[in-house]
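**Student:** Before we start, here is the structure in question, set down as structure tokens.
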Amino acid sequence: MKKLFYSLYALFFNISRIFPVKKNRAAFVAPHNGGDNDSLSAMRRYFINKGGYDIVNISTQDLKLDFSGISSIIKSCLKAAGFFTFKAYLLATSEYVFLNDNFMPMASLNFSKKAVVTQLWHAEGAFKKFGLSAPVTDDVRERERKCSKKLTYIVCSSKAIVPFYAEAFGVEEKKLLPLGSARIDSLLAPADTNSLRREFDKAHPECEGKNLVLYAPTFRDSPEKDAALAEKIDVAEFHREFPDKQLLIKLHPQIHSAVIPEGATDVTDCDIGMLTLICESVITDYSSVCMDFALLSKPCFFFAFDLDEYEHERSFYFDYESGVPGPVAKNFPELVEAIKNPRENEEKLRLFREFHFDFIDCNNAERIYNAVTSASSL
């Protein structure tokens, strides 16, 4: 069925190529639902603020059908039809195209040579292996390679990780732009964290007056293992050990089977940027959420109770235990001891930060904009 959809999209796109590319039309394609604070959204805002651009938003969320009523069904069907037709035409005639993930129909799309197609990706740095570096089926591998051939540029956050991104996308290193991540501009910008915290405490009064610790594990590709993730931390014991702290739990969007334990605060639907600003530290496992906390030099703790199994299935671009920006705990008592000494791993954090981020400023979107727009031949 997916291949049929890919072919249908490619058919309308390639027919639309009879029309000329429209100068200053910029399409923002979101196969990955990164919300309003990913690099795709940041670049969209930058183009809007610049002015003079015809902005096109294309999201695979348009394909979700709403069966709540007759009118909702009709509206969602029309939106899905528009995705394959009018939106395909707009993409085919765009001068600039930005993406935050692999858009599988791209394997069969014949972009104009005048179009500048830029992959922003949805994460910073190079942590766990992804794309062609990770285990995928032969069919997916071939389609991803074809998608990458259509890219003009791929943006990454430092020169050190260029080889990893080139491998993950199956491209030559000259396609990589190590200009920084547009989404971190807002993370590094001056923010009224006191106001953010007051608003958060209104919604979660149990957090008022306490230091916030975020637990944000990644998914495991197994409903049974995903369901157990939120229970791996003994919440009652955590609060006995740390009465001045409140444990927040943010589940990955691909985790649908877990239940938040009593005593913890469910922040699954909260914006990760806001949480990064108001939380004092993060507990994670193999999630790139550690990138944001490391960027702000906040303590990161790694609860890797299934490290051997995960390394066998997914693997990393570097030795996990020595490369992550914080202590690695294999069980809950080890995690507790690590949290008691939050600044013992300052050197690991500093080295990690320097390796993954060349630019720690608020000019990432500007650098990307300048590079991409200067490449246009229109």
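By order of appearance in the structure tokens: chains A, B, ..., then residues from 1 within every chain, and ligands from 1 in the order shown.
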Can you pull out every residue within 12 Å of Ala375 in chain A, counting only C-alpha atoms, but drop anything in the same chain fewer than 5 positions away, and send it as a PyMOL selection string?

**Tutor:** chain A and resi 95-96+113-118+152-153+368-370

**Student:** Applying 7 Å and only C-alpha atoms, which residues near range 338-353 of chain A remain after dropping the ones on its own chain fewer than 3 positions away? List them as a list in words.

**Tutor:** Ala294, Leu295, Pro299, Val324, Pro325, Gly326, Pro327, Glu334, Leu335, His356 and Phe357 of chain A

**Student:** Would you output that residue set with N, CA and C atoms, as an mmCIF file, in the first residue's frame?

**Tutor:**
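Result file selection.cif:
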```cif
data_model
loop_
_atom_site.group_PDB
_atom_site.id
_atom_site.type_symbol
_atom_site.label_atom_id
_atom_site.label_comp_id
_atom_site.auth_asym_id
_atom_site.auth_seq_id
_atom_site.Cartn_x
_atom_site.Cartn_y
_atom_site.Cartn_z
ATOM 1 N N ALA A 294 23.071 18.879 27.290
ATOM 2 C CA ALA A 294 24.518 19.079 27.211
ATOM 3 C C ALA A 294 24.833 20.455 26.647
ATOM 4 N N LEU A 295 24.036 20.881 25.667
ATOM 5 C CA LEU A 295 24.240 22.199 25.062
ATOM 6 C C LEU A 295 24.148 23.295 26.112
ATOM 7 N N PRO A 299 23.439 18.751 33.884
ATOM 8 C CA PRO A 299 23.809 17.362 34.142
ATOM 9 C C PRO A 299 22.928 16.363 33.386
ATOM 10 N N VAL A 324 29.198 9.262 26.182
ATOM 11 C CA VAL A 324 28.038 10.056 26.580
ATOM 12 C C VAL A 324 28.443 11.124 27.594
ATOM 13 N N PRO A 325 27.689 12.229 27.668
ATOM 14 C CA PRO A 325 28.088 13.367 28.520
ATOM 15 C C PRO A 325 27.651 13.238 29.975
ATOM 16 N N GLY A 326 27.879 12.062 30.561
ATOM 17 C CA GLY A 326 27.484 11.869 31.944
ATOM 18 C C GLY A 326 27.716 10.442 32.382
ATOM 19 N N PRO A 327 27.418 10.133 33.655
ATOM 20 C CA PRO A 327 27.631 8.784 34.171
ATOM 21 C C PRO A 327 26.607 7.793 33.618
ATOM 22 N N GLU A 334 22.640 2.497 41.196
ATOM 23 C CA GLU A 334 23.742 3.226 40.571
ATOM 24 C C GLU A 334 23.268 4.592 40.081
ATOM 25 N N LEU A 335 22.040 4.651 39.579
ATOM 26 C CA LEU A 335 21.480 5.920 39.111
ATOM 27 C C LEU A 335 21.336 6.897 40.273
ATOM 28 N N HIS A 356 30.041 17.881 19.293
ATOM 29 C CA HIS A 356 28.789 17.865 18.541
ATOM 30 C C HIS A 356 28.301 19.237 18.098
ATOM 31 N N PHE A 357 28.859 20.317 18.672
ATOM 32 C CA PHE A 357 28.382 21.662 18.336
ATOM 33 C C PHE A 357 29.551 22.590 18.021
#
```

**Student:** Would you pick out the contacts of Phe332 in chain A at 10 Å or less, using only C-alpha atoms, so that residues sharing its chain but fewer than 4 positions from it are not included, and give the list as a list in words?

**Tutor:** Lys232, Ile233, Asp234, Glu237, Phe238, Phe303, Ala304, Phe305, Val336, Glu337 and Ala338 of chain A

**Student:** Keeping only C-alpha atoms, write the selected residues as an mmCIF file, in the first residue's frame.

**Tutor:**
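result03.cif, freshly written:
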```cif
data_model
loop_
_atom_site.group_PDB
_atom_site.id
_atom_site.type_symbol
_atom_site.label_atom_id
_atom_site.label_comp_id
_atom_site.auth_asym_id
_atom_site.auth_seq_id
_atom_site.Cartn_x
_atom_site.Cartn_y
_atom_site.Cartn_z
ATOM 1 C CA LYS A 232 12.195 1.096 35.499
ATOM 2 C CA ILE A 233 12.647 3.977 37.926
ATOM 3 C CA ASP A 234 11.332 3.409 41.449
ATOM 4 C CA GLU A 237 12.404 5.521 46.232
ATOM 5 C CA PHE A 238 13.469 8.435 44.037
ATOM 6 C CA PHE A 303 20.099 4.804 32.777
ATOM 7 C CA ALA A 304 21.253 2.048 30.416
ATOM 8 C CA PHE A 305 19.890 -1.092 32.057
ATOM 9 C CA VAL A 336 20.685 7.256 42.580
ATOM 10 C CA GLU A 337 24.379 7.529 43.431
ATOM 11 C CA ALA A 338 25.065 9.332 40.156
#
```

**Student:** Write out as a tab-separated table a residue-level contact list of range 27-113 of chain A versus range 136-149 of chain A with cut-off 8 Å: for each qualifying residue the closest pair of atoms and the distance in Å to one decimal, counting only C-alpha atoms, rows sorted by chain and residue number upward.

**Tutor:**
```
residue	atom	partner	partner_atom	distance
A:Asn102	CA	A:Glu144	CA	7.1
A:Phe103	CA	A:Cys147	CA	7.3
A:Met104	CA	A:Cys147	CA	6.7
A:Pro105	CA	A:Cys147	CA	7.8
A:Met106	CA	A:Cys147	CA	5.1
A:Ala107	CA	A:Cys147	CA	4.3
A:Ser108	CA	A:Lys146	CA	7.7
```

**Student:** Go through A:Pro217, A:Ser322, A:Asn331, A:Glu262 and flag the residue nearest Cys290 in chain A, using only C-alpha atoms for the distances.

**Tutor:** A:Pro217

**Student:** Using only C-alpha atoms, find the one residue out of A:Ala126, A:Ser195, A:Lys250, A:His312 that sits nearest to Asp266 in chain A.

**Tutor:** A:Lys250

**Student:** Could you state the separation of CA of Ser288 in chain A and CA of Asp269 in chain A in Å, given to one decimal place?

**Tutor:**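 Atom-to-atom, CA of Ser288 in chain A and CA of Asp269 in chain A are spaced 17.4 Å apart.
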
**Student:** For Thr193 in chain A, list every protein, DNA or RNA residue within 9 Å, evaluated using only C-alpha atoms, and leave out those in the same chain fewer than 5 positions away; present the list as a VMD selection string.

**Tutor:** chain A and resid 198 274 277 to 278

**Student:** CA of Phe13 in chain A and CA of Tyr89 in chain A, how far apart in Å?

**Tutor:** 5.7 Å
